[in-house]
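**Q** The structure's right below; bear with me while I get my questions together.
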Amino acid sequence: MKFSFHYALVDDDTKSINRQRAVKALLLSVLMSFFCLPVFSQVTFSSLDLNSADKLLYAAQTSSKENITYKKLYCASLTDNIREAAAGESLLLTCFPEKMEVFLGGQKLQIRNSDGIAEYSVPEKRLTWISGKDSVNMAAISVSPDGNWQCRFVKKTAARADLILENMVTGQSRVLAPDTEFSYSYVPVLWSPDSARLIYEKEGTLYFLETSETFSLSAMSEEFRKIGHGRISNVCWATSSLLVYINCDIVYKISTNEFYTRALYADLMGSGTVAGRLPNAFNNMTDTFWTNSDASSIVLVQNNRTLWYMELDGTDFNFVTTLFSYPFVSVPGTAVSFKVFWTEETSGSEVPIVWIEQIHESSYESYVYKLVENPSKNSTYFAALPLPVFVTEPILSPDGKLLCFRDKNSLHIYKLSTWQQVYVFAEEDIVSARWIDRRNLFIGGTETVRLWELGTLTSKVLLLSSAERFAWDALSDGIIVSNSSGTYKYNEKQNVWESYASSIVRKAVTQNSYFRVFLGSSGNPDFNNAIYVRSLTGLYSTSPLYRNHMDKEDLRPAIALVLDALDNADGLAKVLEVLEKNNLKVTFFLNGEFIRRFPSAVQEIADAGHECASMFFTSADLTSSSFISDESFIRRGLARNEDEFYALTGRELTLYWHAPLYKVDPGVLASGLAAGYTYIDTSTPLYDTTTLEDAAVWGGKYFTTADAIDNISHFFKENAVIPVSLGMAEGTRSDYLYNRFDVLVEAIIDAGFRIVPVSEIK
């Protein structure tokens with residue numbers, strides 16, 4: 001069967017990069033298939049409308065990774081030879097704004113979704129698809145504040161990629177860091193507020209780069225642009241000319257006019273001017289910090305759960321003055337993210353506003369706190385600020401004065417200094433938003449993508465996100481769509497939708513002189529139904545519009561991805577978030593220590609519908625000679641775990657188990673079997689539990705998380721069991737596999753496997 005997708009291309013002879021992208025888009029349009037569906041959704045077809053030119057309109061209902069249901073609009077051209085191809089051409093007419101980025105000062109809007117990457121040119125009013133479906137399209141990117149640059153990944157292995165810096169004006173690019181760790185959520189760069197410089201991370205070292213020197217032949221060698229050891233979490237821009245760098249427990253201030261001098265004479269001058277000393281060593285793997293504009297105050301989040309507010313005393317090695325320290329999160333691992341915004345008070349001082357986002361029962365919950373200083377009582381504390389329920393994704397305006405965030409139905413804009421709502425957009429459900437400048441935003445909704453002007457409180461529809469009501473226009477051969485904001489007609493040349501005065505009056509037609517179309521059953525589990533085309537001439541045959549929709553089963557082999565919760569809940573929030581966004585159910589093996597220490601975390605796992613199995617009631621090595629692991633001991637240990645889990649959740653553990661750290665012998669296996677349990681063994685080594693100390697003492701190899709994922713990918717096979725450990729090891733690791741759980745999940749899916757609980761393969 002032949003098919004192709006056609007998208008409008010930008011024709012700009014003045015820029016070679018646009019011509020290259022046009023060619024790329026044309027090739028990708030042939031390769032992009034409607035069959036490439038996100039694994040987290042199921043498709044339902046509806047609203048067939050056939051015109052006299054043998055062109056068929058239809059909707060395909062699906063869901064985004066945030067479980068937002070929407071309908072894509074397609075136009076298929078039916079061919080004469082129905083046996084060869086029911087769908088000769090297929091055109092995607094809508095563009096869902098799952099992720100958006102703003103380039104070139106608002107002249108270009110980039111939209112990313114499960115269908116690929118599209119760019120909308122504001123001056124030309126044209127939409128261009130530049131990439132087809134690829135999981136890398138949804139990876140994190142970092143855009144400079146002026147929108148003239150971006151840093152993105154070019155994936156090379158399951159877990160490694162080249163980090164690319166690209167000029168969005170000229171299309172030129174260069175590799176900043178080859179073979180760096182790939183991520184869907186994190187880009188190891190930090191832009192200065194004026195976009196003149198960026199800090200990037202490469203092999204555990206931080207470097208600076210002047211963007212004006214990016215492609216200059218006379219640019220200074222990288223060895224002379226070194227900031228120091230660490231990760232991007234070690235640095236924060238106070239202003240465009242002042243960088244704060246934390247190394248171990250020492251806080252440094254580095255002026256940008258000293259960058260080259262300090263890099264050249266680092267051995268003599270050190271990392272910068274010492275501004276203070278933290279009470280604890282900074283852990284760049286788990287800690288993050290923010291500073292005000294003169295770098296006199298710091299907000300530090302330790303291990304994603306303890307909040308510190310500190311003031312820097314001076315330029316010596318005295319400790320900073322700690323004015324506030326509190327563990328904001330009662331259950332370790334439940335916070336998804338922290339963000340800090342600084343606002344200027346009437347007194348001229350800057351105070352921090354802390355935004356904490358958590359995931360609870362499959363929903364995002366956010367809480368906001370503002371620092372309050374009470375000089376009369378000599379006290380400092382964080383007071384809660386009012387916030388609508390279930391809001392997410394706070395984004396600061398370019399001037400730092402306004403904060404926008406969204407819930408399912410609205411986009412809220414608050415004035416940061418007073419924490420008062422000054423604007424709200426509630427004309428449709430909101431998916432995403434991006435600032436252009438202080439007065440303008442791009443808003444991505446479930447129906448449209450718009451330009452919202454705050455000054456006039458008006459919005460202009462640029463694109464359609466989805467289509468609920470559509471038809472062939474009765475007055476022309478065009479396509480029209482009606483939604484809550486009006487009626488729009490498709491501009492095929494520009495690949496966009498334009499306001500249209502007429503309304504839908506033509507009733508849907510499912511038969512013309514040559515074809516009849518109808519909906520029928522589908523044997524493919526990815527589709528709730530299928531579209532059929534019946535030829536009314538010639539051979540009088542009937543065929544599905546897309547033949548693979550009739551596949552009787554999901555032919556992808558299954559892999560069981562299991563989470564081992566031994567005695568620590570660190571990483572749980574990240575794991576649950578990734579599983580929820582991908583609509584995946586897996587098996588959690590719970591140890592008794594974990595159940596007793598983190599009952600709320602266990603309840604969260606059970607409430608999310610994941611399969612829960614046993615990892616015994618204690619974390620002890622069951623093969624150790626220090627005690628007797630006879631049948632009675634194993635039976636009692638498994639039974640105790642069952643009772644504690646049931647008492648907590650009201651549910652039963654499944655009859656699958658494995659010993660802590662998978663250490664087992666024939667006697668332990670036999671005892672578990674006698675207790676009615678099936679033992680589950682791992683298909684891979686435990687790459688994520690070996691510490692640097694273990695490697696030094698026992699002579700084993702230490703694996704970074706990128707190395708671990710790349711090695712695990714070699715074990716991908718049908719019915720494999722892939723374990724991921726929660727919690728922190730008793731020793732030193734540079735990172736943990738659960739921090740990059742999304743990369744592992746996508747690697748399994750990209751390799752052509754389904755992710756299932758253990759019960760589906762045993």
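By convention in this document, the chains of the structure tokens carry letters A, B, ... by their order, each chain's residues are numbered from 1, and ligands are numbered from 1 in the order they are shown.
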Give me the residues near segment 430-436 of chain A as a count of residues only, where near means some atom within 8 Å (using only C-alpha atoms) and where sequence neighbours in that chain fewer than 3 positions away do not count.
**A** 25
**Q** Neighbours of Ser484 of chain A within 9 Å (only C-alpha atoms; same-chain residues fewer than 4 positions away dropped), as a PyMOL selection string?
**A** chain A and resi 427-428+447
**Q** Mind checking which residues fall within 12 Å of Ala620 of chain A, counting only C-alpha atoms, ignoring those fewer than 3 positions away in the same chain, and posting them as a short mmCIF file (atom, residue, chain, number, x, y, z; two decimals) with N, CA and C atoms, in the first residue's frame?
**A**
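Result file around.cif:
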data_model
loop_
_atom_site.label_atom_id
_atom_site.label_comp_id
_atom_site.auth_asym_id
_atom_site.auth_seq_id
_atom_site.Cartn_x
_atom_site.Cartn_y
_atom_site.Cartn_z
N LEU A 566 13.46 -1.01 48.13
CA LEU A 566 14.08 -1.74 49.23
C LEU A 566 13.89 -1.03 50.56
N ASP A 567 14.48 0.18 50.68
CA ASP A 567 14.37 0.87 51.97
C ASP A 567 14.42 2.39 51.84
N ASN A 591 9.79 -4.07 49.72
CA ASN A 591 10.40 -4.69 50.89
C ASN A 591 9.67 -4.21 52.15
N GLY A 592 9.69 -5.02 53.19
CA GLY A 592 9.03 -4.65 54.43
C GLY A 592 9.56 -3.36 55.02
N GLU A 593 10.88 -3.13 54.90
CA GLU A 593 11.45 -1.88 55.40
C GLU A 593 10.82 -0.68 54.69
N MET A 615 9.26 -8.22 48.18
CA MET A 615 10.71 -8.33 48.25
C MET A 615 11.11 -8.71 49.69
N PHE A 616 10.31 -9.55 50.28
CA PHE A 616 10.53 -10.06 51.63
C PHE A 616 10.29 -8.95 52.67
N PHE A 617 10.27 -9.32 53.96
CA PHE A 617 9.91 -8.34 54.99
C PHE A 617 11.13 -7.60 55.53
N THR A 623 21.05 -15.10 51.69
CA THR A 623 22.06 -16.15 51.50
C THR A 623 23.18 -16.04 52.52
N SER A 624 23.09 -15.09 53.43
CA SER A 624 24.15 -14.88 54.41
C SER A 624 24.20 -16.04 55.40
N SER A 625 25.40 -16.34 55.88
CA SER A 625 25.59 -17.41 56.86
C SER A 625 25.34 -16.94 58.28
N SER A 626 24.99 -15.66 58.45
CA SER A 626 24.79 -15.12 59.79
C SER A 626 23.47 -15.57 60.42
N PHE A 627 22.55 -16.10 59.60
CA PHE A 627 21.31 -16.65 60.14
C PHE A 627 20.81 -17.75 59.21
N ILE A 628 19.86 -18.52 59.69
CA ILE A 628 19.36 -19.67 58.95
C ILE A 628 18.12 -19.28 58.16
N SER A 629 18.22 -19.36 56.84
CA SER A 629 17.07 -19.05 55.97
C SER A 629 16.36 -20.34 55.61
N ILE A 634 11.45 -18.23 55.60
CA ILE A 634 11.02 -17.63 54.34
C ILE A 634 9.50 -17.50 54.32
N GLY A 637 8.49 -14.69 56.63
CA GLY A 637 8.90 -13.40 56.09
C GLY A 637 7.99 -12.92 54.97
N ALA A 659 14.25 -11.97 46.21
CA ALA A 659 15.02 -11.63 47.41
C ALA A 659 15.65 -10.25 47.25
N PRO A 660 15.94 -9.56 48.37
CA PRO A 660 16.63 -8.27 48.28
C PRO A 660 17.91 -8.38 47.46
N LEU A 661 18.06 -7.47 46.49
CA LEU A 661 19.21 -7.42 45.58
C LEU A 661 19.37 -8.71 44.79
N TYR A 662 18.30 -9.50 44.69
CA TYR A 662 18.25 -10.73 43.89
C TYR A 662 19.27 -11.77 44.37
N LYS A 663 19.65 -11.73 45.64
CA LYS A 663 20.59 -12.70 46.20
C LYS A 663 19.80 -13.89 46.73
N VAL A 664 20.00 -15.03 46.10
CA VAL A 664 19.17 -16.19 46.40
C VAL A 664 19.99 -17.46 46.20
#
**Q** Check which residues of segment 413-527 of chain A sit at most 7 Å from segment 112-126 of chain A using only C-alpha atoms, and return one row each with the closest pair of atoms and their distance in Å to one decimal, ordered by chain and rising number, as CSV.
**A**
residue,atom,partner,partner_atom,distance
A:Gln494,CA,A:Arg126,CA,4.7
A:Asn495,CA,A:Arg126,CA,6.2
A:Val496,CA,A:Arg126,CA,6.3
**Q** Which residues, written as number ranges by chain, have at least one atom at most 8 Å from Leu416 of chain A, with only C-alpha atoms counted and residues fewer than 5 positions away on the same chain left out?
**A** A: 343, 401-403
**Q** Restricting it to N, CA and C atoms, dump the selection as a CSV table (one decimal), in the first residue's frame.
**A**
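Wrote result-v3.csv, looks like this:
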chain,number,residue,atom,x,y,z
A,343,THR,N,11.3,38.5,43.6
A,343,THR,CA,10.5,39.7,43.3
A,343,THR,C,11.0,40.9,44.2
A,401,LYS,N,8.3,40.3,35.9
A,401,LYS,CA,7.3,40.9,36.7
A,401,LYS,C,6.0,40.1,36.8
A,402,LEU,N,5.8,39.3,35.8
A,402,LEU,CA,4.5,38.5,35.7
A,402,LEU,C,4.8,37.0,35.7
A,403,LEU,N,3.9,36.2,36.2
A,403,LEU,CA,4.0,34.8,36.2
A,403,LEU,C,2.8,34.2,35.6
**Q** Take atom CA of Lys370 of chain A and atom CA of Phe324 of chain A and report the distance between them in Å, one decimal.
**A** 12.0 Å
**Q** Given only C-alpha atoms as the basis, pick out the residue of A:Val756, A:Asp643, A:Val562, A:Val586 nearest to Ser683 of chain A.
**A**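 So, comparing all the options, the nearest one is A:Val562.
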**Q** Kindly give the distance, in Å, that separates atom CA of Phe382 of chain A and atom CA of Asp249 of chain A, rounded to a single decimal.
**A**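 Separating atom CA of Phe382 of chain A from atom CA of Asp249 of chain A is a distance of 24.3 Å.
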